[in-house]
>>> print(open('coords-v6.cif').read())   # mmCIF, C-alpha atoms
data_target
loop_
_atom_site.label_atom_id
_atom_site.label_comp_id
_atom_site.auth_asym_id
_atom_site.auth_seq_id
_atom_site.Cartn_x
_atom_site.Cartn_y
_atom_site.Cartn_z
CA MET N 1 -6.59 -14.26 -42.29
CA ILE N 2 -8.19 -17.70 -41.93
CA ALA N 3 -6.18 -18.34 -38.75
CA ALA N 4 -7.43 -15.03 -37.33
CA ILE N 5 -11.08 -15.78 -38.17
CA LEU N 6 -10.86 -19.36 -36.89
CA SER N 7 -9.06 -18.51 -33.66
CA LEU N 8 -11.42 -15.68 -32.74
CA THR N 9 -14.48 -17.78 -33.61
CA LEU N 10 -13.19 -20.68 -31.51
CA LEU N 11 -12.35 -18.35 -28.64
CA GLY N 12 -15.78 -16.74 -28.74
CA ALA N 13 -17.55 -20.08 -28.93
CA ALA N 14 -15.50 -21.52 -26.06
CA LEU N 15 -16.13 -18.50 -23.82
CA GLY N 16 -19.83 -18.59 -24.73
CA ILE N 17 -20.11 -22.26 -23.78
CA ILE N 18 -18.26 -21.69 -20.50
CA LEU N 19 -20.55 -18.78 -19.62
CA GLY N 20 -23.62 -20.77 -20.62
CA VAL N 21 -22.65 -23.64 -18.35
CA ALA N 22 -21.80 -21.22 -15.54
CA ASN N 23 -25.19 -19.57 -15.98
CA LYS N 24 -26.88 -22.93 -15.44
CA PHE N 25 -24.88 -23.72 -12.31
CA LEU N 26 -24.95 -20.24 -10.80
CA ALA N 27 -28.59 -19.47 -11.64
CA VAL N 28 -30.45 -17.58 -8.92
CA GLU N 29 -34.12 -18.38 -8.52
CA GLY N 30 -35.74 -14.97 -8.31
CA ASN N 31 -39.28 -14.37 -7.15
CA PRO N 32 -41.42 -15.37 -10.18
CA LEU N 33 -44.01 -12.77 -9.18
CA VAL N 34 -41.39 -10.00 -9.42
CA ASP N 35 -40.43 -11.18 -12.90
CA GLU N 36 -44.07 -11.14 -14.01
CA LEU N 37 -44.62 -7.65 -12.58
CA THR N 38 -41.43 -6.41 -14.23
CA ALA N 39 -42.74 -7.65 -17.55
CA MET N 40 -45.93 -5.63 -17.01
CA MET N 41 -44.11 -2.35 -16.24
CA PRO N 42 -43.32 0.15 -19.05
CA GLY N 43 -39.67 -0.90 -18.90
CA SER N 44 -38.15 2.49 -19.63
CA ASN N 45 -36.57 2.80 -16.13
CA CYS N 46 -37.51 6.49 -16.01
CA GLY N 47 -37.22 6.59 -12.20
CA GLN N 48 -40.32 8.64 -11.46
CA CYS N 49 -41.46 6.08 -8.87
CA GLY N 50 -38.28 6.68 -6.86
CA PHE N 51 -37.04 3.10 -7.23
CA PRO N 52 -33.95 2.07 -9.21
CA GLY N 53 -35.70 1.15 -12.45
CA CYS N 54 -38.77 -0.89 -13.24
CA SER N 55 -37.46 -4.09 -11.67
CA GLY N 56 -36.86 -2.22 -8.40
CA ALA N 57 -40.42 -0.91 -8.43
CA ALA N 58 -41.76 -4.40 -9.25
CA ALA N 59 -39.88 -5.88 -6.27
CA ALA N 60 -41.25 -3.14 -3.98
CA ILE N 61 -44.81 -3.71 -5.22
CA ALA N 62 -44.46 -7.47 -4.79
CA ASP N 63 -43.38 -7.22 -1.13
CA GLY N 64 -46.05 -4.64 -0.40
CA SER N 65 -43.82 -1.64 0.37
CA ALA N 66 -45.10 0.30 -2.63
CA ALA N 67 -48.62 0.86 -3.94
CA PRO N 68 -49.58 -0.44 -7.39
CA THR N 69 -50.28 3.19 -8.29
CA CYS N 70 -46.62 4.24 -7.96
CA CYS N 71 -45.91 4.18 -11.72
CA PRO N 72 -46.95 7.48 -13.37
CA PRO N 73 -46.28 6.40 -16.98
CA GLY N 74 -48.23 3.17 -16.45
CA GLY N 75 -51.25 5.13 -15.34
CA LYS N 76 -54.59 3.66 -14.39
CA ALA N 77 -54.32 0.80 -16.84
CA LEU N 78 -51.16 -0.56 -15.21
CA ALA N 79 -52.44 0.06 -11.66
CA THR N 80 -55.64 -1.90 -12.35
CA ALA N 81 -53.74 -4.72 -14.03
CA ILE N 82 -51.29 -5.06 -11.14
CA ALA N 83 -54.08 -4.85 -8.56
CA ALA N 84 -55.99 -7.60 -10.38
CA LYS N 85 -52.86 -9.75 -10.46
CA LEU N 86 -52.12 -9.31 -6.74
CA GLY N 87 -55.78 -9.41 -5.66
CA LEU N 88 -55.62 -5.93 -4.16
CA THR N 89 -58.11 -3.10 -4.26
CA VAL N 90 -56.58 0.20 -5.30
CA ASP N 91 -57.72 3.76 -4.92
CA LEU N 92 -57.47 5.22 -8.40
CA SER N 93 -58.91 8.64 -7.49
CA GLY N 94 -55.44 10.09 -6.85
CA MET N 95 -54.30 9.35 -10.37
CA SER N 96 -54.96 12.09 -12.84
CA ASP N 97 -55.02 9.85 -15.86
CA ASP N 98 -57.16 10.41 -18.91
CA GLY N 99 -55.73 7.66 -21.02
CA PRO N 100 -52.29 7.18 -22.52
CA LYS N 101 -50.30 10.30 -23.42
CA ILE N 102 -47.12 10.98 -25.31
CA ALA N 103 -44.79 13.98 -25.43
CA VAL N 104 -45.40 16.36 -28.32
CA VAL N 105 -43.02 19.10 -29.51
CA SER N 106 -44.58 22.34 -30.70
CA GLU N 107 -42.41 23.38 -33.62
CA GLU N 108 -42.86 27.13 -33.22
CA LEU N 109 -41.36 27.08 -29.69
CA CYS N 110 -38.56 24.48 -30.00
CA ILE N 111 -35.09 26.06 -30.16
CA GLY N 112 -33.25 22.78 -30.76
CA CYS N 113 -31.27 22.73 -27.50
CA CYS N 114 -31.17 18.89 -27.27
CA ARG N 115 -31.81 18.92 -23.48
CA CYS N 116 -34.92 16.77 -23.83
CA SER N 117 -33.29 14.12 -26.01
CA LYS N 118 -30.54 13.63 -23.41
CA VAL N 119 -32.95 12.65 -20.64
CA CYS N 120 -35.25 10.45 -22.72
CA PRO N 121 -34.88 6.87 -21.40
CA THR N 122 -36.11 5.35 -24.64
CA ASP N 123 -34.31 7.62 -27.16
CA ALA N 124 -37.71 8.62 -28.49
CA ILE N 125 -36.75 12.25 -29.22
CA LEU N 126 -34.84 12.92 -32.43
CA GLY N 127 -33.17 16.12 -33.56
CA ALA N 128 -29.74 17.70 -33.62
CA ALA N 129 -28.50 20.96 -32.12
CA LYS N 130 -30.42 23.96 -33.50
CA GLN N 131 -32.77 21.65 -35.38
CA ILE N 132 -36.38 21.31 -34.36
CA HIS N 133 -36.90 18.13 -32.35
CA ASN N 134 -39.63 15.61 -32.76
CA VAL N 135 -40.96 12.62 -30.84
CA PHE N 136 -41.26 9.08 -32.19
CA ARG N 137 -44.72 8.05 -31.03
CA GLU N 138 -43.87 4.36 -31.18
CA ALA N 139 -40.89 4.81 -28.82
CA CYS N 140 -42.38 7.34 -26.35
CA THR N 141 -43.59 5.67 -23.14
CA GLY N 142 -45.12 8.86 -21.77
CA CYS N 143 -42.82 9.10 -18.74
CA SER N 144 -42.73 12.94 -19.08
CA SER N 145 -39.08 13.18 -17.93
CA CYS N 146 -38.43 15.57 -20.82
CA ILE N 147 -41.19 18.09 -19.99
CA GLU N 148 -39.40 19.95 -17.21
CA LYS N 149 -36.10 20.02 -19.11
CA CYS N 150 -37.51 22.16 -21.91
CA PRO N 151 -36.42 25.82 -21.46
CA THR N 152 -39.12 27.16 -23.80
CA GLU N 153 -42.02 24.93 -22.71
CA ALA N 154 -42.21 23.52 -26.20
CA LEU N 155 -42.88 20.01 -24.89
CA ALA N 156 -46.26 18.98 -23.58
CA MET N 157 -47.98 15.71 -22.76
CA LYS N 158 -50.88 15.22 -25.15
CA PRO N 159 -53.29 12.30 -25.57
CA VAL N 160 -52.02 9.87 -28.18
CA PRO N 161 -53.33 11.25 -31.47
CA VAL N 162 -55.36 8.91 -33.62
CA THR N 163 -54.10 8.65 -37.17
CA LEU N 164 -55.12 6.45 -40.03
CA GLN N 165 -52.26 4.03 -39.30
CA HIS N 166 -53.06 3.77 -35.60
CA TRP N 167 -56.85 3.66 -35.53
CA VAL N 168 -58.35 0.52 -34.06
CA MET N 169 -61.96 -0.57 -33.91
CA PRO N 170 -63.43 0.33 -30.50
CA LYS N 171 -64.35 -2.59 -28.32
CA PRO N 172 -68.06 -3.47 -28.57
CA VAL N 173 -70.12 -2.46 -25.57
CA ALA N 174 -71.28 -5.45 -23.53
CA ALA N 175 -75.03 -5.92 -23.87
CA MET H 1 11.76 -15.48 -3.87
CA SER H 2 12.73 -11.94 -2.95
CA GLU H 3 12.42 -11.03 -6.63
CA PHE H 4 8.72 -11.98 -6.58
CA LEU H 5 8.14 -10.16 -3.32
CA LEU H 6 9.75 -7.05 -4.75
CA LEU H 7 7.58 -7.29 -7.88
CA LEU H 8 4.47 -7.50 -5.72
CA LEU H 9 5.57 -4.57 -3.57
CA SER H 10 6.56 -2.39 -6.50
CA THR H 11 3.32 -2.96 -8.42
CA ALA H 12 1.12 -2.45 -5.35
CA LEU H 13 2.82 0.61 -3.89
CA VAL H 14 5.57 2.17 -5.99
CA ASN H 15 3.96 1.87 -9.43
CA ASN H 16 0.42 2.02 -8.10
CA VAL H 17 -2.03 1.41 -10.92
CA VAL H 18 -4.44 4.19 -9.88
CA LEU H 19 -2.28 6.95 -8.43
CA ILE H 20 0.91 6.63 -10.51
CA LYS H 21 -0.32 5.07 -13.78
CA PHE H 22 -3.75 6.79 -13.65
CA LEU H 23 -5.66 3.68 -14.78
CA GLY H 24 -9.09 2.74 -13.47
CA LEU H 25 -10.08 6.13 -12.08
CA CYS H 26 -13.80 5.68 -12.81
CA PRO H 27 -14.49 2.98 -10.20
CA VAL H 28 -12.21 4.74 -7.70
CA MET H 29 -14.33 7.88 -7.94
CA GLY H 30 -17.61 6.00 -8.33
CA VAL H 31 -17.58 3.25 -5.68
CA SER H 32 -15.65 4.99 -2.92
CA LYS H 33 -18.62 6.42 -1.02
CA SER H 34 -18.59 3.68 1.64
CA VAL H 35 -15.84 1.37 2.85
CA ASP H 36 -18.06 -1.71 2.63
CA SER H 37 -18.86 -1.44 -1.05
CA ALA H 38 -15.29 -0.27 -1.76
CA PHE H 39 -14.01 -3.47 -0.18
CA GLY H 40 -16.40 -5.58 -2.26
CA MET H 41 -15.45 -3.72 -5.41
CA GLY H 42 -11.77 -4.18 -4.58
CA LEU H 43 -12.23 -7.93 -4.14
CA ALA H 44 -14.21 -8.26 -7.38
CA THR H 45 -11.63 -6.24 -9.32
CA THR H 46 -8.76 -8.21 -7.77
CA PHE H 47 -10.42 -11.43 -8.90
CA VAL H 48 -11.01 -10.09 -12.41
CA ILE H 49 -7.55 -8.52 -12.89
CA THR H 50 -5.67 -11.62 -11.66
CA LEU H 51 -7.77 -14.02 -13.72
CA ALA H 52 -7.66 -11.77 -16.79
CA ALA H 53 -3.88 -11.33 -16.48
CA GLY H 54 -3.40 -15.12 -16.45
CA ALA H 55 -5.93 -15.83 -19.20
CA SER H 56 -4.61 -13.09 -21.48
CA TRP H 57 -1.02 -14.31 -20.96
CA MET H 58 -2.05 -17.83 -22.00
CA LEU H 59 -3.93 -16.54 -25.03
CA ASP H 60 -1.09 -14.29 -26.09
CA ASN H 61 1.68 -16.86 -25.69
CA TRP H 62 -0.16 -20.00 -26.82
CA MET H 63 -2.47 -18.64 -29.50
CA LEU H 64 -1.69 -15.13 -30.76
CA GLN H 65 2.11 -15.24 -30.94
CA PRO H 66 2.48 -18.72 -32.54
CA LEU H 67 -0.09 -17.73 -35.19
CA GLY H 68 1.45 -14.28 -35.67
CA LEU H 69 -1.81 -12.55 -34.73
CA GLY H 70 -0.37 -9.86 -32.46
CA TYR H 71 -2.65 -7.27 -34.05
CA LEU H 72 -5.69 -9.05 -32.56
CA ARG H 73 -4.32 -8.65 -29.03
CA ILE H 74 -6.61 -5.87 -27.80
CA LEU H 75 -9.68 -7.52 -29.32
CA THR H 76 -9.05 -10.93 -27.74
CA PHE H 77 -8.10 -9.42 -24.39
CA ILE H 78 -11.32 -7.43 -24.24
CA LEU H 79 -13.28 -10.57 -25.15
CA VAL H 80 -11.64 -12.52 -22.32
CA ILE H 81 -12.04 -9.67 -19.83
CA ALA H 82 -15.74 -9.33 -20.67
CA ALA H 83 -16.25 -13.07 -20.17
CA VAL H 84 -14.40 -13.03 -16.84
CA VAL H 85 -16.45 -10.05 -15.63
CA GLN H 86 -19.69 -11.76 -16.68
CA PHE H 87 -18.63 -14.84 -14.75
CA THR H 88 -17.74 -12.74 -11.69
CA GLU H 89 -21.12 -11.02 -11.85
CA MET H 90 -22.97 -14.36 -11.90
CA PHE H 91 -20.82 -15.62 -9.05
CA ILE H 92 -21.40 -12.55 -6.85
CA LYS H 93 -25.14 -12.58 -7.62
CA LYS H 94 -25.24 -16.18 -6.39
CA ALA H 95 -22.84 -15.85 -3.47
CA SER H 96 -23.69 -12.41 -2.05
CA PRO H 97 -26.89 -10.68 -3.19
CA GLY H 98 -26.25 -7.78 -0.76
CA LEU H 99 -22.89 -7.03 -2.35
CA TYR H 100 -24.48 -7.40 -5.77
CA GLN H 101 -27.03 -4.73 -4.84
CA SER H 102 -24.46 -2.30 -3.41
CA LEU H 103 -22.06 -2.61 -6.38
CA GLY H 104 -24.91 -2.01 -8.81
CA ILE H 105 -23.90 -0.70 -12.21
CA TYR H 106 -20.20 -0.62 -11.34
CA LEU H 107 -19.92 -4.41 -11.43
CA PRO H 108 -20.45 -4.83 -15.21
CA LEU H 109 -18.38 -1.66 -15.64
CA ILE H 110 -15.28 -3.59 -14.50
CA THR H 111 -15.23 -4.63 -18.17
CA THR H 112 -14.39 -1.07 -19.16
CA ASN H 113 -12.04 -0.53 -16.23
CA CYS H 114 -8.89 0.34 -18.14
CA ALA H 115 -6.75 -1.02 -15.30
CA VAL H 116 -7.80 -4.56 -16.31
CA LEU H 117 -6.84 -4.15 -19.97
CA GLY H 118 -3.83 -2.02 -19.01
CA VAL H 119 -2.36 -4.72 -16.76
CA ALA H 120 -2.90 -7.39 -19.44
CA LEU H 121 -1.18 -5.26 -22.10
CA LEU H 122 1.68 -4.23 -19.78
CA ASN H 123 2.30 -7.94 -19.09
CA VAL H 124 2.78 -8.55 -22.80
CA GLU H 125 4.97 -5.49 -23.19
CA GLN H 126 7.31 -6.56 -20.39
CA LYS H 127 7.45 -10.20 -21.61
CA PHE H 128 6.71 -11.68 -18.19
CA SER H 129 6.40 -15.41 -17.48
CA LEU H 130 2.96 -16.80 -16.57
CA PHE H 131 3.65 -16.75 -12.84
CA LYS H 132 5.09 -13.25 -13.00
CA SER H 133 2.06 -12.08 -15.02
CA LEU H 134 -0.28 -13.45 -12.38
CA LEU H 135 1.80 -11.80 -9.68
CA TYR H 136 1.88 -8.51 -11.57
CA GLY H 137 -1.90 -8.65 -12.00
CA PHE H 138 -2.44 -9.52 -8.36
CA GLY H 139 -0.05 -6.79 -7.19
CA SER H 140 -1.73 -4.16 -9.35
CA ALA H 141 -5.16 -5.25 -8.10
CA LEU H 142 -3.84 -5.12 -4.54
CA GLY H 143 -2.68 -1.56 -5.10
CA PHE H 144 -6.06 -0.72 -6.61
CA THR H 145 -7.88 -2.17 -3.59
CA ILE H 146 -5.60 -0.37 -1.11
CA VAL H 147 -6.19 2.99 -2.79
CA LEU H 148 -9.93 2.34 -3.07
CA LEU H 149 -10.17 1.47 0.64
CA ILE H 150 -8.05 4.43 1.84
CA PHE H 151 -9.97 6.79 -0.41
CA ALA H 152 -13.35 5.43 0.73
CA GLY H 153 -12.27 5.92 4.35
CA LEU H 154 -11.24 9.50 3.61
CA ARG H 155 -14.50 10.22 1.84
CA GLU H 156 -16.53 8.86 4.75
CA ARG H 157 -14.77 11.42 6.97
CA ILE H 158 -15.25 14.19 4.41
CA ALA H 159 -18.98 13.45 4.31
CA LEU H 160 -19.10 14.48 7.98
CA ALA H 161 -16.85 17.52 7.62
CA ARG H 162 -17.96 21.04 6.78
CA VAL H 163 -16.83 21.59 3.20
CA PRO H 164 -17.17 25.05 1.57
CA GLY H 165 -20.10 25.06 -0.83
CA ALA H 166 -17.98 25.54 -3.93
CA PHE H 167 -15.95 22.42 -3.09
CA ALA H 168 -18.76 20.13 -1.91
CA GLY H 169 -19.18 16.82 -3.72
CA SER H 170 -16.81 15.82 -6.50
CA PRO H 171 -14.32 18.75 -6.30
CA ILE H 172 -13.24 17.95 -2.75
CA ALA H 173 -12.98 14.26 -3.75
CA PHE H 174 -10.59 15.15 -6.57
CA VAL H 175 -8.54 17.39 -4.29
CA THR H 176 -8.34 14.53 -1.77
CA ILE H 177 -7.26 11.94 -4.31
CA SER H 178 -4.57 14.25 -5.66
CA LEU H 179 -3.20 14.61 -2.13
CA LEU H 180 -3.33 10.82 -1.84
CA ALA H 181 -1.36 10.58 -5.09
CA LEU H 182 1.26 12.94 -3.65
CA ALA H 183 1.48 10.73 -0.56
CA PHE H 184 2.02 7.65 -2.74
CA MET H 185 4.83 9.47 -4.53
CA GLY H 186 6.74 8.93 -1.30
CA PHE H 187 6.95 5.20 -2.07
CA SER H 188 9.13 5.97 -5.10
CA GLY H 189 11.94 6.44 -2.59
CA LEU H 190 11.72 2.72 -1.75
CA ASN H 191 14.01 1.98 -4.69
CA VAL H 192 12.78 -1.56 -5.39
#
>>> encode(input="coords-v6.cif", output="structure tokens")
Amino acid sequence: MIAAILSLTLLGAALGIILGVANKFLAVEGNPLVDELTAMMPGSNCGQCGFPGCSGAAAAIADGSAAPTCCPPGGKALATAIAAKLGLTVDLSGMSDDGPKIAVVSEELCIGCCRCSKVCPTDAILGAAKQIHNVFREACTGCSSCIEKCPTEALAMKPVPVTLQHWVMPKPVAA
Amino acid sequence: MSEFLLLLLSTALVNNVVLIKFLGLCPVMGVSKSVDSAFGMGLATTFVITLAAGASWMLDNWMLQPLGLGYLRILTFILVIAAVVQFTEMFIKKASPGLYQSLGIYLPLITTNCAVLGVALLNVEQKFSLFKSLLYGFGSALGFTIVLLIFAGLRERIALARVPGAFAGSPIAFVTISLLALAFMGFSGLNV
């Protein structure tokens, strides 16, 4: 018992140290700009931009092959933030964005088929087979991957509802 | 000497790890779309299997068996394999970013390639010496790479051929690999 615990602990620690040292010696200096842009993206890797995940989109934006507006879940807020960071001017007119949205299940239409929860990149949809699904508002990034999967059109993108727990004081208008 | 050569030949061809033992089918189906990435995957897996075979032999003979901890074998082997794969990933990322891009998700998935764990466990079962374990691991990995390369070559040709709609994609790939397995059955006549 004690031999088992000790030997596995020692083995794990030794492998961890070896990997840690290797990580130092084999570190690859990435483009710091790409890392910063990746941190700004929604991070759910939903793939709507057509790039392999958010880091792929960040790399494409950094080298100029993609527009800052390529991220649908990020919306206008993300496009403006990226443009400000890169010193670009962006054309926001093409983005139909009226503020952040999340997916909402209408309970009278949901048949509990689980198709939406399988595609959700952030596991924000809960529910079992033949049980009405629901969306965790904290986990939903608004990527709308689930909308087209719904056979009964029970899912829709709605503006984030304001509840007592989520209300914040509006920013004061500049004089 | 001839004994070692025969061991290498029999693990690579006669008892091929993919087509006869049916281990490690996921990367064979997943990374065989182009010969280039198949070659890279083969090299990475060869490196991992050989290193993991040696490391797991040392752990089993110098740590688990003296302490009577044979029941921890699978756990420790997976730990070692995961560490070796992590190391390989760092190394490839440093040495060849292009290969790192083309292997993508399949590189960390070498951890769950059952050929790696299978070879390590078969080594223990057959009570090989350290050198023979390394050779067995290398031979198995060689067989894996050969099959991966042949299959990738076949799939590149199939991509250009006119396949009936019902067979397009994965079905024709499975039909092809079963024919390849039949072809490898011919090596069982080698009698090594």
>>> resolve_selection(input="coords-v6.cif", expression="the PyMOL selection byres ((chain H and resi 149) around 8)", output="list in words")
Ser32, Val35, Ala38, Phe39, Gly42, Thr145, Ile146, Val147, Leu148, Ile150, Phe151, Ala152 and Gly153 of chain H
>>> interface_residues(input="coords-v6.cif", of="chain H", to="chain N", cutoff="8 Å", atoms="only C-alpha atoms", output="list in words")
Met63, Leu67, Leu69, Leu72, Thr76, Leu79, Val80, Ala83, Gln86, Phe87, Met90, Phe91, Lys93 and Lys94 of chain H
>>> residues_around(input="coords-v6.cif", residues="range 45-51 of chain N", least_positions_apart="2", cutoff="9 Å", atoms="all atoms listed in the file", output="count of residues only")
19
>>> residues_around(input="coords-v6.cif", residues="Asn16 in chain H", least_positions_apart="2", cutoff="9 Å", atoms="all atoms listed in the file", output="VMD selection string")
chain H and resid 10 to 14 18 to 22 139 to 140 143 to 144 147 184
>>> resolve_selection(input="coords-v6.cif", expression="the PyMOL selection byres ((chain H and resi 132) around 10)", output="mmCIF file with C-alpha atoms, keeping the file's coordinate frame")
data_model
loop_
_atom_site.group_PDB
_atom_site.id
_atom_site.type_symbol
_atom_site.label_atom_id
_atom_site.label_comp_id
_atom_site.auth_asym_id
_atom_site.auth_seq_id
_atom_site.Cartn_x
_atom_site.Cartn_y
_atom_site.Cartn_z
ATOM 1 C CA GLU H 3 12.420 -11.030 -6.630
ATOM 2 C CA PHE H 4 8.720 -11.980 -6.580
ATOM 3 C CA LEU H 7 7.580 -7.290 -7.880
ATOM 4 C CA LEU H 8 4.470 -7.500 -5.720
ATOM 5 C CA ALA H 53 -3.880 -11.330 -16.480
ATOM 6 C CA GLY H 54 -3.400 -15.120 -16.450
ATOM 7 C CA ASN H 123 2.300 -7.940 -19.090
ATOM 8 C CA LYS H 127 7.450 -10.200 -21.610
ATOM 9 C CA PHE H 128 6.710 -11.680 -18.190
ATOM 10 C CA SER H 129 6.400 -15.410 -17.480
ATOM 11 C CA LEU H 130 2.960 -16.800 -16.570
ATOM 12 C CA PHE H 131 3.650 -16.750 -12.840
ATOM 13 C CA SER H 133 2.060 -12.080 -15.020
ATOM 14 C CA LEU H 134 -0.280 -13.450 -12.380
ATOM 15 C CA LEU H 135 1.800 -11.800 -9.680
ATOM 16 C CA TYR H 136 1.880 -8.510 -11.570
ATOM 17 C CA GLY H 137 -1.900 -8.650 -12.000
ATOM 18 C CA PHE H 138 -2.440 -9.520 -8.360
#
>>> resolve_selection(input="coords-v6.cif", expression="the PyMOL selection byres ((chain N and resi 154) around 7)", output="list in words")
Val105, Ser106, Leu109, Cys110, Cys150, Thr152, Glu153, Leu155 and Ala156 of chain N
>>> atom_distance(input="coords-v6.cif", atom1="CA of Val104 in chain N", atom2="CA of Asn134 in chain N")
7.3 Å
>>> closest_residue(input="coords-v6.cif", among="H:Leu5, H:Lys33, H:Phe174, H:Trp57", to="Ala159 in chain H", atoms="all atoms listed in the file")
H:Lys33
>>> closest_residue(input="coords-v6.cif", among="N:Ala67, N:Val21, N:Met40, N:Cys114", to="Leu92 in chain N", atoms="only C-alpha atoms")
N:Ala67
>>> residues_around(input="coords-v6.cif", residues="Gly24 in chain H", least_positions_apart="5", cutoff="8 Å", atoms="only C-alpha atoms", output="list in words")
Val17, Val18, Asn113, Cys114, Ala115 and Val116 of chain H
>>> atom_distance(input="coords-v6.cif", atom1="CA of Met185 in chain H", atom2="CA of Leu23 in chain H")
15.8 Å
>>> atom_distance(input="coords-v6.cif", atom1="CA of Ala55 in chain H", atom2="CA of Val84 in chain H")
9.2 Å
>>> residues_around(input="coords-v6.cif", residues="Thr176 in chain H", least_positions_apart="4", cutoff="9 Å", atoms="all atoms listed in the file", output="list in words")
Phe151, Leu154, Arg155, Pro171, Ile172, Leu180 and Ala181 of chain H
>>> closest_residue(input="coords-v6.cif", among="H:Ala52, H:Ala141, H:Met41, H:Leu117", to="Leu99 in chain H", atoms="only C-alpha atoms")
H:Met41
>>> closest_residue(input="coords-v6.cif", among="N:Gly142, N:Pro170, N:Pro161, N:Pro151", to="Ile125 in chain N", atoms="only C-alpha atoms")
N:Gly142
>>> residues_around(input="coords-v6.cif", residues="Glu138 in chain N", least_positions_apart="3", cutoff="12 Å", atoms="all atoms listed in the file", output="list in words")
Lys101, Ile102, Ala103, Thr122, Asp123, Ala124, Ile125, Val135, Thr141, Gly142, Val160, Pro161, Gln165 and His166 of chain N
>>> residues_near_point(input="coords-v6.cif", point="(-36.8, 25.7, -31.6)", cutoff="8 Å", atoms="all atoms listed in the file", output="ChimeraX atom specification")
/N:107-113,130-133,154
>>> closest_residue(input="coords-v6.cif", among="H:Ala82, H:Ala183, H:Leu160, H:Ala44", to="Leu103 in chain H", atoms="all atoms listed in the file")
H:Ala44
>>> closest_residue(input="coords-v6.cif", among="H:Leu43, H:Thr50, H:Gly104, H:Ala120", to="Phe77 in chain H", atoms="only C-alpha atoms")
H:Ala120
>>> decode(input="coords-v6.cif", residues="range 31-35 of chain N", atoms="all heavy atoms", output="tab-separated table (two decimals), in the first residue's frame")
chain	number	residue	atom	x	y	z
N	31	ASN	N	4.37	34.15	-31.77
N	31	ASN	CA	4.15	35.57	-31.97
N	31	ASN	C	3.34	36.10	-30.77
N	31	ASN	O	2.23	35.66	-30.54
N	31	ASN	CB	3.37	35.74	-33.27
N	31	ASN	CG	3.21	37.19	-33.65
N	31	ASN	OD1	3.49	38.07	-32.83
N	31	ASN	ND2	2.78	37.43	-34.87
N	32	PRO	N	3.90	37.04	-29.98
N	32	PRO	CA	3.16	37.50	-28.80
N	32	PRO	C	1.83	38.15	-29.16
N	32	PRO	O	0.87	38.06	-28.39
N	32	PRO	CB	4.12	38.51	-28.15
N	32	PRO	CG	5.12	38.83	-29.18
N	32	PRO	CD	5.21	37.66	-30.10
N	33	LEU	N	1.77	38.75	-30.37
N	33	LEU	CA	0.52	39.37	-30.80
N	33	LEU	C	-0.58	38.32	-30.97
N	33	LEU	O	-1.73	38.53	-30.57
N	33	LEU	CB	0.76	40.11	-32.13
N	33	LEU	CG	-0.42	40.89	-32.69
N	33	LEU	CD1	-0.81	41.98	-31.72
N	33	LEU	CD2	-0.08	41.46	-34.04
N	34	VAL	N	-0.20	37.16	-31.54
N	34	VAL	CA	-1.18	36.08	-31.74
N	34	VAL	C	-1.71	35.62	-30.38
N	34	VAL	O	-2.92	35.39	-30.22
N	34	VAL	CB	-0.54	34.91	-32.51
N	34	VAL	CG1	-1.50	33.73	-32.57
N	34	VAL	CG2	-0.16	35.34	-33.91
N	35	ASP	N	-0.80	35.49	-29.40
N	35	ASP	CA	-1.24	35.06	-28.08
N	35	ASP	C	-2.23	36.06	-27.48
N	35	ASP	O	-3.24	35.67	-26.89
N	35	ASP	CB	-0.04	34.91	-27.14
N	35	ASP	CG	0.87	33.78	-27.61
N	35	ASP	OD1	0.37	32.93	-28.36
N	35	ASP	OD2	2.05	33.76	-27.24
